[in-house]
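Asker: So here's protein.cif, just mmCIF, N, CA and C atoms and all ligand atoms:
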```
data_model
loop_
_atom_site.label_atom_id
_atom_site.label_comp_id
_atom_site.auth_asym_id
_atom_site.auth_seq_id
_atom_site.Cartn_x
_atom_site.Cartn_y
_atom_site.Cartn_z
N MET C 23 -46.92 84.68 21.73
CA MET C 23 -46.44 85.04 20.39
C MET C 23 -46.91 86.45 20.04
N HIS C 24 -45.97 87.41 20.07
CA HIS C 24 -46.40 88.79 19.83
C HIS C 24 -46.64 89.06 18.34
N GLU C 25 -46.26 88.13 17.47
CA GLU C 25 -46.52 88.31 16.04
C GLU C 25 -48.01 88.41 15.76
N MET C 26 -48.83 87.73 16.58
CA MET C 26 -50.28 87.79 16.38
C MET C 26 -50.78 89.23 16.56
N ALA C 27 -50.31 89.89 17.60
CA ALA C 27 -50.70 91.28 17.85
C ALA C 27 -50.18 92.19 16.74
N LEU C 28 -48.97 91.92 16.28
CA LEU C 28 -48.41 92.72 15.18
C LEU C 28 -49.23 92.54 13.91
N ALA C 29 -49.58 91.29 13.62
CA ALA C 29 -50.36 91.01 12.41
C ALA C 29 -51.72 91.70 12.49
N GLU C 30 -52.31 91.73 13.68
CA GLU C 30 -53.60 92.39 13.84
C GLU C 30 -53.48 93.89 13.58
N SER C 31 -52.40 94.50 14.06
CA SER C 31 -52.27 95.93 13.81
C SER C 31 -51.97 96.21 12.33
N VAL C 32 -51.25 95.31 11.70
CA VAL C 32 -51.00 95.46 10.26
C VAL C 32 -52.32 95.39 9.49
N ILE C 33 -53.13 94.41 9.83
CA ILE C 33 -54.43 94.25 9.15
C ILE C 33 -55.31 95.48 9.35
N GLN C 34 -55.28 96.05 10.54
CA GLN C 34 -56.07 97.26 10.79
C GLN C 34 -55.64 98.40 9.87
N ILE C 35 -54.35 98.60 9.77
CA ILE C 35 -53.82 99.66 8.91
C ILE C 35 -54.23 99.41 7.46
N VAL C 36 -54.06 98.16 7.03
CA VAL C 36 -54.33 97.79 5.64
C VAL C 36 -55.82 97.95 5.31
N GLU C 37 -56.68 97.47 6.21
CA GLU C 37 -58.12 97.53 5.92
C GLU C 37 -58.60 98.98 5.92
N GLU C 38 -58.05 99.79 6.80
CA GLU C 38 -58.44 101.19 6.83
C GLU C 38 -58.04 101.87 5.53
N ALA C 39 -56.82 101.61 5.08
CA ALA C 39 -56.35 102.19 3.82
C ALA C 39 -57.20 101.70 2.65
N ALA C 40 -57.56 100.42 2.67
CA ALA C 40 -58.36 99.84 1.60
C ALA C 40 -59.75 100.48 1.55
N ARG C 41 -60.34 100.68 2.74
CA ARG C 41 -61.67 101.29 2.79
C ARG C 41 -61.63 102.73 2.30
N LYS C 42 -60.60 103.47 2.71
CA LYS C 42 -60.46 104.86 2.27
C LYS C 42 -60.38 104.96 0.76
N ASN C 43 -59.77 103.95 0.15
CA ASN C 43 -59.60 103.96 -1.30
C ASN C 43 -60.72 103.19 -2.01
N ALA C 44 -61.76 102.88 -1.26
CA ALA C 44 -62.91 102.15 -1.80
C ALA C 44 -62.49 100.89 -2.55
N ALA C 45 -61.56 100.17 -2.00
CA ALA C 45 -61.05 98.95 -2.63
C ALA C 45 -62.02 97.79 -2.44
N ALA C 46 -62.07 96.92 -3.44
CA ALA C 46 -62.89 95.71 -3.34
C ALA C 46 -62.12 94.62 -2.60
N ALA C 47 -60.83 94.62 -2.80
CA ALA C 47 -60.00 93.61 -2.15
C ALA C 47 -58.55 94.08 -2.10
N VAL C 48 -57.82 93.51 -1.16
CA VAL C 48 -56.39 93.80 -1.06
C VAL C 48 -55.64 92.63 -1.68
N ARG C 49 -54.76 92.92 -2.63
CA ARG C 49 -53.99 91.87 -3.31
C ARG C 49 -52.71 91.51 -2.58
N ALA C 50 -52.01 92.54 -2.13
CA ALA C 50 -50.71 92.28 -1.50
C ALA C 50 -50.38 93.34 -0.47
N VAL C 51 -49.63 92.94 0.51
CA VAL C 51 -49.17 93.84 1.55
C VAL C 51 -47.65 93.72 1.64
N ARG C 52 -46.98 94.85 1.52
CA ARG C 52 -45.53 94.82 1.61
C ARG C 52 -45.10 95.45 2.93
N LEU C 53 -44.41 94.66 3.71
CA LEU C 53 -43.99 95.08 5.04
C LEU C 53 -42.48 95.23 5.10
N GLU C 54 -42.04 96.28 5.73
CA GLU C 54 -40.61 96.41 6.01
C GLU C 54 -40.37 96.00 7.45
N VAL C 55 -39.50 95.03 7.61
CA VAL C 55 -39.19 94.55 8.95
C VAL C 55 -37.68 94.70 9.17
N GLY C 56 -37.31 95.44 10.19
CA GLY C 56 -35.89 95.65 10.47
C GLY C 56 -35.22 94.36 10.91
N ARG C 57 -33.97 94.20 10.48
CA ARG C 57 -33.22 92.99 10.84
C ARG C 57 -33.00 92.87 12.35
N LEU C 58 -33.11 93.97 13.05
CA LEU C 58 -32.86 93.94 14.49
C LEU C 58 -34.16 93.92 15.30
N SER C 59 -35.28 93.78 14.62
CA SER C 59 -36.53 93.71 15.36
C SER C 59 -36.67 92.29 15.91
N HIS C 60 -37.58 92.13 16.83
CA HIS C 60 -37.79 90.80 17.41
C HIS C 60 -38.85 90.03 16.64
N VAL C 61 -39.08 90.45 15.41
CA VAL C 61 -40.12 89.82 14.62
C VAL C 61 -39.57 88.59 13.89
N GLU C 62 -40.28 87.50 14.04
CA GLU C 62 -39.92 86.25 13.36
C GLU C 62 -40.77 86.17 12.09
N PRO C 63 -40.16 86.30 10.90
CA PRO C 63 -40.95 86.38 9.66
C PRO C 63 -41.93 85.22 9.47
N ASP C 64 -41.51 84.00 9.76
CA ASP C 64 -42.40 82.85 9.58
C ASP C 64 -43.61 82.93 10.51
N ALA C 65 -43.36 83.32 11.74
CA ALA C 65 -44.45 83.46 12.70
C ALA C 65 -45.40 84.59 12.27
N LEU C 66 -44.81 85.64 11.72
CA LEU C 66 -45.62 86.77 11.26
C LEU C 66 -46.50 86.36 10.07
N ARG C 67 -45.93 85.59 9.15
CA ARG C 67 -46.70 85.08 8.00
C ARG C 67 -47.87 84.23 8.47
N PHE C 68 -47.60 83.35 9.41
CA PHE C 68 -48.64 82.48 9.94
C PHE C 68 -49.74 83.32 10.59
N ALA C 69 -49.35 84.27 11.41
CA ALA C 69 -50.32 85.13 12.10
C ALA C 69 -51.13 85.94 11.10
N PHE C 70 -50.47 86.44 10.07
CA PHE C 70 -51.15 87.23 9.04
C PHE C 70 -52.23 86.39 8.35
N ASP C 71 -51.89 85.13 8.03
CA ASP C 71 -52.86 84.24 7.40
C ASP C 71 -54.08 84.00 8.27
N VAL C 72 -53.87 84.01 9.57
CA VAL C 72 -55.00 83.81 10.50
C VAL C 72 -55.87 85.07 10.59
N VAL C 73 -55.25 86.24 10.76
CA VAL C 73 -56.05 87.44 11.01
C VAL C 73 -56.67 88.04 9.75
N LYS C 74 -56.15 87.68 8.58
CA LYS C 74 -56.68 88.29 7.35
C LYS C 74 -58.00 87.67 6.89
N ARG C 75 -58.36 86.53 7.47
CA ARG C 75 -59.42 85.68 6.94
C ARG C 75 -60.75 86.35 6.61
N ASN C 76 -61.26 87.18 7.52
CA ASN C 76 -62.63 87.65 7.32
C ASN C 76 -62.74 89.06 6.75
N GLY C 77 -61.64 89.60 6.28
CA GLY C 77 -61.71 90.99 5.83
C GLY C 77 -61.39 91.17 4.37
N LEU C 78 -61.16 92.42 4.01
CA LEU C 78 -60.83 92.79 2.63
C LEU C 78 -59.51 92.19 2.18
N ALA C 79 -58.69 91.82 3.14
CA ALA C 79 -57.36 91.32 2.81
C ALA C 79 -57.29 89.80 2.83
N HIS C 80 -58.45 89.14 2.76
CA HIS C 80 -58.43 87.68 2.94
C HIS C 80 -57.63 86.96 1.86
N GLY C 81 -57.51 87.60 0.67
CA GLY C 81 -56.73 86.94 -0.39
C GLY C 81 -55.35 87.56 -0.57
N ALA C 82 -54.97 88.42 0.34
CA ALA C 82 -53.72 89.16 0.16
C ALA C 82 -52.48 88.32 0.44
N ARG C 83 -51.44 88.58 -0.35
CA ARG C 83 -50.18 87.90 -0.07
C ARG C 83 -49.29 88.89 0.68
N LEU C 84 -48.52 88.32 1.57
CA LEU C 84 -47.66 89.14 2.42
C LEU C 84 -46.23 89.08 1.91
N GLU C 85 -45.66 90.26 1.66
CA GLU C 85 -44.25 90.31 1.28
C GLU C 85 -43.49 90.99 2.40
N ILE C 86 -42.44 90.34 2.84
CA ILE C 86 -41.65 90.91 3.92
C ILE C 86 -40.29 91.32 3.38
N VAL C 87 -39.97 92.59 3.55
CA VAL C 87 -38.68 93.11 3.11
C VAL C 87 -37.85 93.41 4.36
N ALA C 88 -36.70 92.77 4.44
CA ALA C 88 -35.83 92.99 5.59
C ALA C 88 -34.99 94.25 5.37
N THR C 89 -35.01 95.15 6.34
CA THR C 89 -34.21 96.37 6.22
C THR C 89 -33.01 96.29 7.17
N GLY C 90 -31.97 96.97 6.80
CA GLY C 90 -30.70 96.88 7.53
C GLY C 90 -30.75 97.48 8.92
N GLY C 91 -29.86 97.01 9.76
CA GLY C 91 -29.79 97.50 11.12
C GLY C 91 -28.51 98.28 11.36
N SER C 92 -28.59 99.22 12.29
CA SER C 92 -27.37 99.89 12.70
C SER C 92 -27.44 100.21 14.19
N ALA C 93 -26.29 100.41 14.76
CA ALA C 93 -26.20 100.65 16.19
C ALA C 93 -25.08 101.64 16.48
N TRP C 94 -25.13 102.20 17.67
CA TRP C 94 -24.08 103.09 18.14
C TRP C 94 -23.20 102.29 19.08
N CYS C 95 -21.91 102.23 18.79
CA CYS C 95 -20.99 101.51 19.66
C CYS C 95 -20.39 102.50 20.67
N MET C 96 -20.55 102.17 21.95
CA MET C 96 -20.05 103.05 23.02
C MET C 96 -18.52 103.11 23.00
N LYS C 97 -17.90 101.98 22.67
CA LYS C 97 -16.44 101.93 22.70
C LYS C 97 -15.82 102.67 21.52
N CYS C 98 -16.36 102.44 20.35
CA CYS C 98 -15.83 103.11 19.15
C CYS C 98 -16.32 104.55 19.05
N SER C 99 -17.40 104.87 19.79
CA SER C 99 -18.03 106.18 19.66
C SER C 99 -18.41 106.48 18.23
N ARG C 100 -18.97 105.50 17.59
CA ARG C 100 -19.44 105.74 16.22
C ARG C 100 -20.54 104.73 15.86
N GLY C 101 -21.25 105.05 14.78
CA GLY C 101 -22.30 104.15 14.32
C GLY C 101 -21.72 103.01 13.52
N VAL C 102 -22.26 101.82 13.71
CA VAL C 102 -21.80 100.64 12.97
C VAL C 102 -23.01 99.88 12.42
N ALA C 103 -22.76 99.12 11.34
CA ALA C 103 -23.83 98.30 10.78
C ALA C 103 -23.93 97.00 11.57
N LEU C 104 -25.15 96.55 11.77
CA LEU C 104 -25.36 95.35 12.57
C LEU C 104 -26.32 94.43 11.82
N ALA C 105 -25.89 93.18 11.62
CA ALA C 105 -26.70 92.25 10.83
C ALA C 105 -27.79 91.60 11.66
N ARG C 106 -27.49 91.32 12.92
CA ARG C 106 -28.45 90.60 13.77
C ARG C 106 -28.41 91.15 15.18
N LEU C 107 -29.54 91.03 15.84
CA LEU C 107 -29.62 91.40 17.24
C LEU C 107 -28.73 90.45 18.04
N GLY C 108 -27.92 90.98 18.94
CA GLY C 108 -27.06 90.11 19.74
C GLY C 108 -25.66 90.00 19.16
N ASP C 109 -25.45 90.54 17.95
CA ASP C 109 -24.11 90.55 17.37
C ASP C 109 -23.24 91.58 18.09
N ALA C 110 -21.93 91.33 18.05
CA ALA C 110 -20.98 92.29 18.62
C ALA C 110 -20.67 93.37 17.59
N CYS C 111 -20.04 94.44 18.05
CA CYS C 111 -19.59 95.49 17.15
C CYS C 111 -18.61 94.88 16.14
N PRO C 112 -18.84 95.12 14.84
CA PRO C 112 -17.96 94.52 13.83
C PRO C 112 -16.55 95.13 13.84
N ARG C 113 -16.37 96.27 14.50
CA ARG C 113 -15.06 96.91 14.54
C ARG C 113 -14.23 96.49 15.76
N CYS C 114 -14.86 96.48 16.94
CA CYS C 114 -14.07 96.25 18.16
C CYS C 114 -14.54 95.02 18.95
N GLY C 115 -15.65 94.42 18.57
CA GLY C 115 -16.10 93.22 19.27
C GLY C 115 -16.89 93.49 20.55
N SER C 116 -17.14 94.75 20.84
CA SER C 116 -17.87 95.10 22.06
C SER C 116 -19.36 94.80 21.92
N TYR C 117 -20.00 94.51 23.06
CA TYR C 117 -21.45 94.32 23.05
C TYR C 117 -22.18 95.53 23.61
N GLN C 118 -21.41 96.59 23.87
CA GLN C 118 -22.05 97.81 24.39
C GLN C 118 -22.58 98.63 23.23
N LEU C 119 -23.69 98.14 22.70
CA LEU C 119 -24.27 98.74 21.50
C LEU C 119 -25.68 99.22 21.78
N GLN C 120 -26.01 100.32 21.16
CA GLN C 120 -27.35 100.86 21.26
C GLN C 120 -27.95 100.86 19.84
N VAL C 121 -29.01 100.11 19.67
CA VAL C 121 -29.61 100.03 18.34
C VAL C 121 -30.18 101.39 17.94
N THR C 122 -29.81 101.85 16.75
CA THR C 122 -30.31 103.15 16.27
C THR C 122 -31.26 103.01 15.09
N ALA C 123 -31.19 101.90 14.37
CA ALA C 123 -32.11 101.67 13.25
C ALA C 123 -32.22 100.18 13.00
N GLY C 124 -33.38 99.77 12.48
CA GLY C 124 -33.54 98.37 12.11
C GLY C 124 -34.34 97.58 13.12
N ASP C 125 -34.94 98.25 14.11
CA ASP C 125 -35.76 97.51 15.07
C ASP C 125 -37.24 97.85 14.90
N GLU C 126 -37.57 98.38 13.72
CA GLU C 126 -38.96 98.79 13.50
C GLU C 126 -39.62 97.94 12.43
N MET C 127 -40.93 98.06 12.38
CA MET C 127 -41.69 97.35 11.36
C MET C 127 -42.73 98.31 10.84
N ARG C 128 -42.89 98.40 9.51
CA ARG C 128 -43.95 99.26 9.00
C ARG C 128 -44.53 98.75 7.70
N VAL C 129 -45.76 99.17 7.46
CA VAL C 129 -46.42 98.82 6.21
C VAL C 129 -45.89 99.77 5.16
N LYS C 130 -45.25 99.23 4.14
CA LYS C 130 -44.64 100.08 3.12
C LYS C 130 -45.62 100.36 2.00
N GLU C 131 -46.30 99.32 1.54
CA GLU C 131 -47.18 99.45 0.38
C GLU C 131 -48.30 98.44 0.47
N ILE C 132 -49.44 98.81 -0.09
CA ILE C 132 -50.46 97.77 -0.28
C ILE C 132 -50.96 97.86 -1.72
N GLU C 133 -51.32 96.71 -2.26
CA GLU C 133 -51.87 96.63 -3.61
C GLU C 133 -53.34 96.31 -3.48
N ILE C 134 -54.18 97.11 -4.12
CA ILE C 134 -55.61 96.88 -3.99
C ILE C 134 -56.29 96.75 -5.36
N ASP C 135 -57.47 96.19 -5.31
CA ASP C 135 -58.29 96.08 -6.53
C ASP C 135 -59.40 97.10 -6.46
ZN ZN F 201 -17.07 99.10 18.52
#
```
Could the structure of this file be written out as structure tokens, please?
Ligand SMILES: [Zn+2]
Answerer:
Amino acid sequence: MHEMALAESVIQIVEEAARKNAAAAVRAVRLEVGRLSHVEPDALRFAFDVVKRNGLAHGARLEIVATGGSAWCMKCSRGVALARLGDACPRCGSYQLQVTAGDEMRVKEIEID
């Protein structure tokens, strides 16, 4: 389950930011997860609950914001919007697509006390 490794890197980023800001605790973490990433939100939530336990973020709630995906279609020679990984081009039905956005995950915001 690679969500555990992802959650650990999120916690590292969050705790470092919290320490820099001399925070007593982290209230919330807002994550942007692309619709075309291989991240399973439920698995990520579970992993986050495990890794946050002993740190500044032990009481933090995790908010996951899904961001849109897009890809380059080789057949259409243009960019198209893609809702899910594995979907065909919405214009021509081709699977010759190169993901151009929506496969990333990043910490957007944290709320601290
Ligand atoms: Zn196409």
Asker: List every residue of chain C that DSSP, applied to the backbone, labels as strand (DSSP E), and write the result as a PyMOL selection string.
Answerer: chain C and resi 48-56+83-89+91-95+100-104+119-123+127-134
Asker: Those same residues, written as an mmCIF file, keeping the file's coordinate frame with N, CA and C atoms?
Answerer:
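To be explicit, this is the file written out as again.cif:
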```cif
data_model
loop_
_atom_site.group_PDB
_atom_site.id
_atom_site.type_symbol
_atom_site.label_atom_id
_atom_site.label_comp_id
_atom_site.auth_asym_id
_atom_site.auth_seq_id
_atom_site.Cartn_x
_atom_site.Cartn_y
_atom_site.Cartn_z
ATOM 1 N N VAL C 48 -57.820 93.510 -1.160
ATOM 2 C CA VAL C 48 -56.390 93.800 -1.060
ATOM 3 C C VAL C 48 -55.640 92.630 -1.680
ATOM 4 N N ARG C 49 -54.760 92.920 -2.630
ATOM 5 C CA ARG C 49 -53.990 91.870 -3.310
ATOM 6 C C ARG C 49 -52.710 91.510 -2.580
ATOM 7 N N ALA C 50 -52.010 92.540 -2.130
ATOM 8 C CA ALA C 50 -50.710 92.280 -1.500
ATOM 9 C C ALA C 50 -50.380 93.340 -0.470
ATOM 10 N N VAL C 51 -49.630 92.940 0.510
ATOM 11 C CA VAL C 51 -49.170 93.840 1.550
ATOM 12 C C VAL C 51 -47.650 93.720 1.640
ATOM 13 N N ARG C 52 -46.980 94.850 1.520
ATOM 14 C CA ARG C 52 -45.530 94.820 1.610
ATOM 15 C C ARG C 52 -45.100 95.450 2.930
ATOM 16 N N LEU C 53 -44.410 94.660 3.710
ATOM 17 C CA LEU C 53 -43.990 95.080 5.040
ATOM 18 C C LEU C 53 -42.480 95.230 5.100
ATOM 19 N N GLU C 54 -42.040 96.280 5.730
ATOM 20 C CA GLU C 54 -40.610 96.410 6.010
ATOM 21 C C GLU C 54 -40.370 96.000 7.450
ATOM 22 N N VAL C 55 -39.500 95.030 7.610
ATOM 23 C CA VAL C 55 -39.190 94.550 8.950
ATOM 24 C C VAL C 55 -37.680 94.700 9.170
ATOM 25 N N GLY C 56 -37.310 95.440 10.190
ATOM 26 C CA GLY C 56 -35.890 95.650 10.470
ATOM 27 C C GLY C 56 -35.220 94.360 10.910
ATOM 28 N N ARG C 83 -51.440 88.580 -0.350
ATOM 29 C CA ARG C 83 -50.180 87.900 -0.070
ATOM 30 C C ARG C 83 -49.290 88.890 0.680
ATOM 31 N N LEU C 84 -48.520 88.320 1.570
ATOM 32 C CA LEU C 84 -47.660 89.140 2.420
ATOM 33 C C LEU C 84 -46.230 89.080 1.910
ATOM 34 N N GLU C 85 -45.660 90.260 1.660
ATOM 35 C CA GLU C 85 -44.250 90.310 1.280
ATOM 36 C C GLU C 85 -43.490 90.990 2.400
ATOM 37 N N ILE C 86 -42.440 90.340 2.840
ATOM 38 C CA ILE C 86 -41.650 90.910 3.920
ATOM 39 C C ILE C 86 -40.290 91.320 3.380
ATOM 40 N N VAL C 87 -39.970 92.590 3.550
ATOM 41 C CA VAL C 87 -38.680 93.110 3.110
ATOM 42 C C VAL C 87 -37.850 93.410 4.360
ATOM 43 N N ALA C 88 -36.700 92.770 4.440
ATOM 44 C CA ALA C 88 -35.830 92.990 5.590
ATOM 45 C C ALA C 88 -34.990 94.250 5.370
ATOM 46 N N THR C 89 -35.010 95.150 6.340
ATOM 47 C CA THR C 89 -34.210 96.370 6.220
ATOM 48 C C THR C 89 -33.010 96.290 7.170
ATOM 49 N N GLY C 91 -29.860 97.010 9.760
ATOM 50 C CA GLY C 91 -29.790 97.500 11.120
ATOM 51 C C GLY C 91 -28.510 98.280 11.360
ATOM 52 N N SER C 92 -28.590 99.220 12.290
ATOM 53 C CA SER C 92 -27.370 99.890 12.700
ATOM 54 C C SER C 92 -27.440 100.210 14.190
ATOM 55 N N ALA C 93 -26.290 100.410 14.760
ATOM 56 C CA ALA C 93 -26.200 100.650 16.190
ATOM 57 C C ALA C 93 -25.080 101.640 16.480
ATOM 58 N N TRP C 94 -25.130 102.200 17.670
ATOM 59 C CA TRP C 94 -24.080 103.090 18.140
ATOM 60 C C TRP C 94 -23.200 102.290 19.080
ATOM 61 N N CYS C 95 -21.910 102.230 18.790
ATOM 62 C CA CYS C 95 -20.990 101.510 19.660
ATOM 63 C C CYS C 95 -20.390 102.500 20.670
ATOM 64 N N ARG C 100 -18.970 105.500 17.590
ATOM 65 C CA ARG C 100 -19.440 105.740 16.220
ATOM 66 C C ARG C 100 -20.540 104.730 15.860
ATOM 67 N N GLY C 101 -21.250 105.050 14.780
ATOM 68 C CA GLY C 101 -22.300 104.150 14.320
ATOM 69 C C GLY C 101 -21.720 103.010 13.520
ATOM 70 N N VAL C 102 -22.260 101.820 13.710
ATOM 71 C CA VAL C 102 -21.800 100.640 12.970
ATOM 72 C C VAL C 102 -23.010 99.880 12.420
ATOM 73 N N ALA C 103 -22.760 99.120 11.340
ATOM 74 C CA ALA C 103 -23.830 98.300 10.780
ATOM 75 C C ALA C 103 -23.930 97.000 11.570
ATOM 76 N N LEU C 104 -25.150 96.550 11.770
ATOM 77 C CA LEU C 104 -25.360 95.350 12.570
ATOM 78 C C LEU C 104 -26.320 94.430 11.820
ATOM 79 N N LEU C 119 -23.690 98.140 22.700
ATOM 80 C CA LEU C 119 -24.270 98.740 21.500
ATOM 81 C C LEU C 119 -25.680 99.220 21.780
ATOM 82 N N GLN C 120 -26.010 100.320 21.160
ATOM 83 C CA GLN C 120 -27.350 100.860 21.260
ATOM 84 C C GLN C 120 -27.950 100.860 19.840
ATOM 85 N N VAL C 121 -29.010 100.110 19.670
ATOM 86 C CA VAL C 121 -29.610 100.030 18.340
ATOM 87 C C VAL C 121 -30.180 101.390 17.940
ATOM 88 N N THR C 122 -29.810 101.850 16.750
ATOM 89 C CA THR C 122 -30.310 103.150 16.270
ATOM 90 C C THR C 122 -31.260 103.010 15.090
ATOM 91 N N ALA C 123 -31.190 101.900 14.370
ATOM 92 C CA ALA C 123 -32.110 101.670 13.250
ATOM 93 C C ALA C 123 -32.220 100.180 13.000
ATOM 94 N N MET C 127 -40.930 98.060 12.380
ATOM 95 C CA MET C 127 -41.690 97.350 11.360
ATOM 96 C C MET C 127 -42.730 98.310 10.840
ATOM 97 N N ARG C 128 -42.890 98.400 9.510
ATOM 98 C CA ARG C 128 -43.950 99.260 9.000
ATOM 99 C C ARG C 128 -44.530 98.750 7.700
ATOM 100 N N VAL C 129 -45.760 99.170 7.460
ATOM 101 C CA VAL C 129 -46.420 98.820 6.210
ATOM 102 C C VAL C 129 -45.890 99.770 5.160
ATOM 103 N N LYS C 130 -45.250 99.230 4.140
ATOM 104 C CA LYS C 130 -44.640 100.080 3.120
ATOM 105 C C LYS C 130 -45.620 100.360 2.000
ATOM 106 N N GLU C 131 -46.300 99.320 1.540
ATOM 107 C CA GLU C 131 -47.180 99.450 0.380
ATOM 108 C C GLU C 131 -48.300 98.440 0.470
ATOM 109 N N ILE C 132 -49.440 98.810 -0.090
ATOM 110 C CA ILE C 132 -50.460 97.770 -0.280
ATOM 111 C C ILE C 132 -50.960 97.860 -1.720
ATOM 112 N N GLU C 133 -51.320 96.710 -2.260
ATOM 113 C CA GLU C 133 -51.870 96.630 -3.610
ATOM 114 C C GLU C 133 -53.340 96.310 -3.480
ATOM 115 N N ILE C 134 -54.180 97.110 -4.120
ATOM 116 C CA ILE C 134 -55.610 96.880 -3.990
ATOM 117 C C ILE C 134 -56.290 96.750 -5.360
#
```
Asker: Once you count only N, CA and C atoms and all ligand atoms, which residues end up within 7 Å of ligand ZN 201 (chain F), and could you hand them over as a list in words?
Answerer: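 Going residue by residue within 7 Å of ligand ZN 201 (chain F), we get Trp94, Cys95, Met96, Lys97, Cys98, Ser99, Arg100, Ala110, Cys111, Pro112, Arg113, Cys114, Gly115 and Ser116 of chain C.
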Asker: Pick from C:Ala27, C:Leu119, C:Ala82, C:Val36: nearest to Ala50 in chain C, with only C-alpha atoms counted?
Answerer: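 For Ala50 in chain C, the nearest of the given residues is C:Ala82.
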Asker: Could you pull the residues within 5 Å of Val87 in chain C, counting only N, CA and C atoms, minus those fewer than 5 positions along the same chain, as a list of chain:residue names?
Answerer: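 So the residues in contact are C:Leu53, C:Glu54, C:Val55.
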Asker: C:Val61, C:Ala45, C:Arg52, C:Glu37: which is nearest Arg128 in chain C, counting only N, CA and C atoms?
Answerer: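 The closest residue to Arg128 in chain C is C:Arg52.
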Asker: For atom C of Met26 in chain C and atom N of Ala88 in chain C, determine how far apart the two atoms are, in Å to one decimal place.
Answerer: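 Spanning atom C of Met26 in chain C to atom N of Ala88 in chain C is a straight-line distance of 18.9 Å.
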Asker: Nearest residue to Ala69 in chain C out of C:Ala29, C:Met127, C:Leu107, C:Ala39, using all atoms listed in the file?
Answerer: C:Ala29
Asker: Using only N, CA and C atoms, can you list as a ChimeraX atom specification the residues within 7 Å of (-33.6, 94.5, 14.2)?
Answerer: /C:55-61,90-91,105-107,123-126
Asker: Mind dumping the selected residues with N, CA and C atoms as a compact mmCIF listing (two decimals), keeping the file's coordinate frame?
Answerer:
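After the write, result33.txt holds the following:
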```txt
# COMPACT_ATOMS: atom_id res chain seq x y z
N VAL C 55 -39.50 95.03 7.61
CA VAL C 55 -39.19 94.55 8.95
C VAL C 55 -37.68 94.70 9.17
N GLY C 56 -37.31 95.44 10.19
CA GLY C 56 -35.89 95.65 10.47
C GLY C 56 -35.22 94.36 10.91
N ARG C 57 -33.97 94.20 10.48
CA ARG C 57 -33.22 92.99 10.84
C ARG C 57 -33.00 92.87 12.35
N LEU C 58 -33.11 93.97 13.05
CA LEU C 58 -32.86 93.94 14.49
C LEU C 58 -34.16 93.92 15.30
N SER C 59 -35.28 93.78 14.62
CA SER C 59 -36.53 93.71 15.36
C SER C 59 -36.67 92.29 15.91
N HIS C 60 -37.58 92.13 16.83
CA HIS C 60 -37.79 90.80 17.41
C HIS C 60 -38.85 90.03 16.64
N VAL C 61 -39.08 90.45 15.41
CA VAL C 61 -40.12 89.82 14.62
C VAL C 61 -39.57 88.59 13.89
N GLY C 90 -31.97 96.97 6.80
CA GLY C 90 -30.70 96.88 7.53
C GLY C 90 -30.75 97.48 8.92
N GLY C 91 -29.86 97.01 9.76
CA GLY C 91 -29.79 97.50 11.12
C GLY C 91 -28.51 98.28 11.36
N ALA C 105 -25.89 93.18 11.62
CA ALA C 105 -26.70 92.25 10.83
C ALA C 105 -27.79 91.60 11.66
N ARG C 106 -27.49 91.32 12.92
CA ARG C 106 -28.45 90.60 13.77
C ARG C 106 -28.41 91.15 15.18
N LEU C 107 -29.54 91.03 15.84
CA LEU C 107 -29.62 91.40 17.24
C LEU C 107 -28.73 90.45 18.04
N ALA C 123 -31.19 101.90 14.37
CA ALA C 123 -32.11 101.67 13.25
C ALA C 123 -32.22 100.18 13.00
N GLY C 124 -33.38 99.77 12.48
CA GLY C 124 -33.54 98.37 12.11
C GLY C 124 -34.34 97.58 13.12
N ASP C 125 -34.94 98.25 14.11
CA ASP C 125 -35.76 97.51 15.07
C ASP C 125 -37.24 97.85 14.90
N GLU C 126 -37.57 98.38 13.72
CA GLU C 126 -38.96 98.79 13.50
C GLU C 126 -39.62 97.94 12.43
```
Asker: Can you tell me which residues surround Gly81 in chain C at a distance of at most 6.5 Å, considering all atoms listed in the file, apart from same-chain residues fewer than 2 positions away, and format the answer as a VMD selection string?
Answerer: chain C and resid 48 to 50 74 77 to 79 83
Asker: Nearest to Ala93 in chain C: which of C:Asp109, C:Val72, C:Val121, C:Arg67 is it, counting only N, CA and C atoms?
Answerer: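 Answer, going by the shortest atom-to-atom distance: C:Val121.
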Asker: Going by DSSP on the backbone, which residues of chain C come out as helix (DSSP H, G or I)? List them as a list in words.
Answerer: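 Written out, the helix (DSSP H, G or I) residues of chain C are Glu25, Met26, Ala27, Leu28, Ala29, Glu30, Ser31, Val32, Ile33, Gln34, Ile35, Val36, Glu37, Glu38, Ala39, Ala40, Arg41, Lys42, Pro63, Asp64, Ala65, Leu66, Arg67, Phe68, Ala69, Phe70, Asp71, Val72 and Val73 of chain C.
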Asker: Which distance in Å separates atom C of Ala44 in chain C and atom N of Thr89 in chain C, to one decimal?
Answerer: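 Result for atom C of Ala44 in chain C versus atom N of Thr89 in chain C: 29.4 Å, one decimal.
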Asker: For range 44-48 of chain C of the structure just presented, write N, CA and C atoms to a file, as a PDB file, in the first residue's frame.
Answerer:
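In the end it all went to result-v2.pdb:
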```pdb
ATOM      1  N   ALA C  44       6.041  27.716  14.735  1.00  0.00           N
ATOM      2  CA  ALA C  44       5.916  27.556  16.186  1.00  0.00           C
ATOM      3  C   ALA C  44       4.502  27.183  16.605  1.00  0.00           C
ATOM      4  N   ALA C  45       3.893  26.297  15.876  1.00  0.00           N
ATOM      5  CA  ALA C  45       2.520  25.880  16.159  1.00  0.00           C
ATOM      6  C   ALA C  45       2.480  24.908  17.331  1.00  0.00           C
ATOM      7  N   ALA C  46       1.395  24.981  18.095  1.00  0.00           N
ATOM      8  CA  ALA C  46       1.190  24.037  19.192  1.00  0.00           C
ATOM      9  C   ALA C  46       0.569  22.746  18.670  1.00  0.00           C
ATOM     10  N   ALA C  47      -0.260  22.902  17.665  1.00  0.00           N
ATOM     11  CA  ALA C  47      -0.925  21.739  17.092  1.00  0.00           C
ATOM     12  C   ALA C  47      -1.406  22.057  15.678  1.00  0.00           C
ATOM     13  N   VAL C  48      -1.582  21.003  14.914  1.00  0.00           N
ATOM     14  CA  VAL C  48      -2.136  21.150  13.567  1.00  0.00           C
ATOM     15  C   VAL C  48      -3.603  20.755  13.627  1.00  0.00           C
TER      16      VAL C  48
END
```
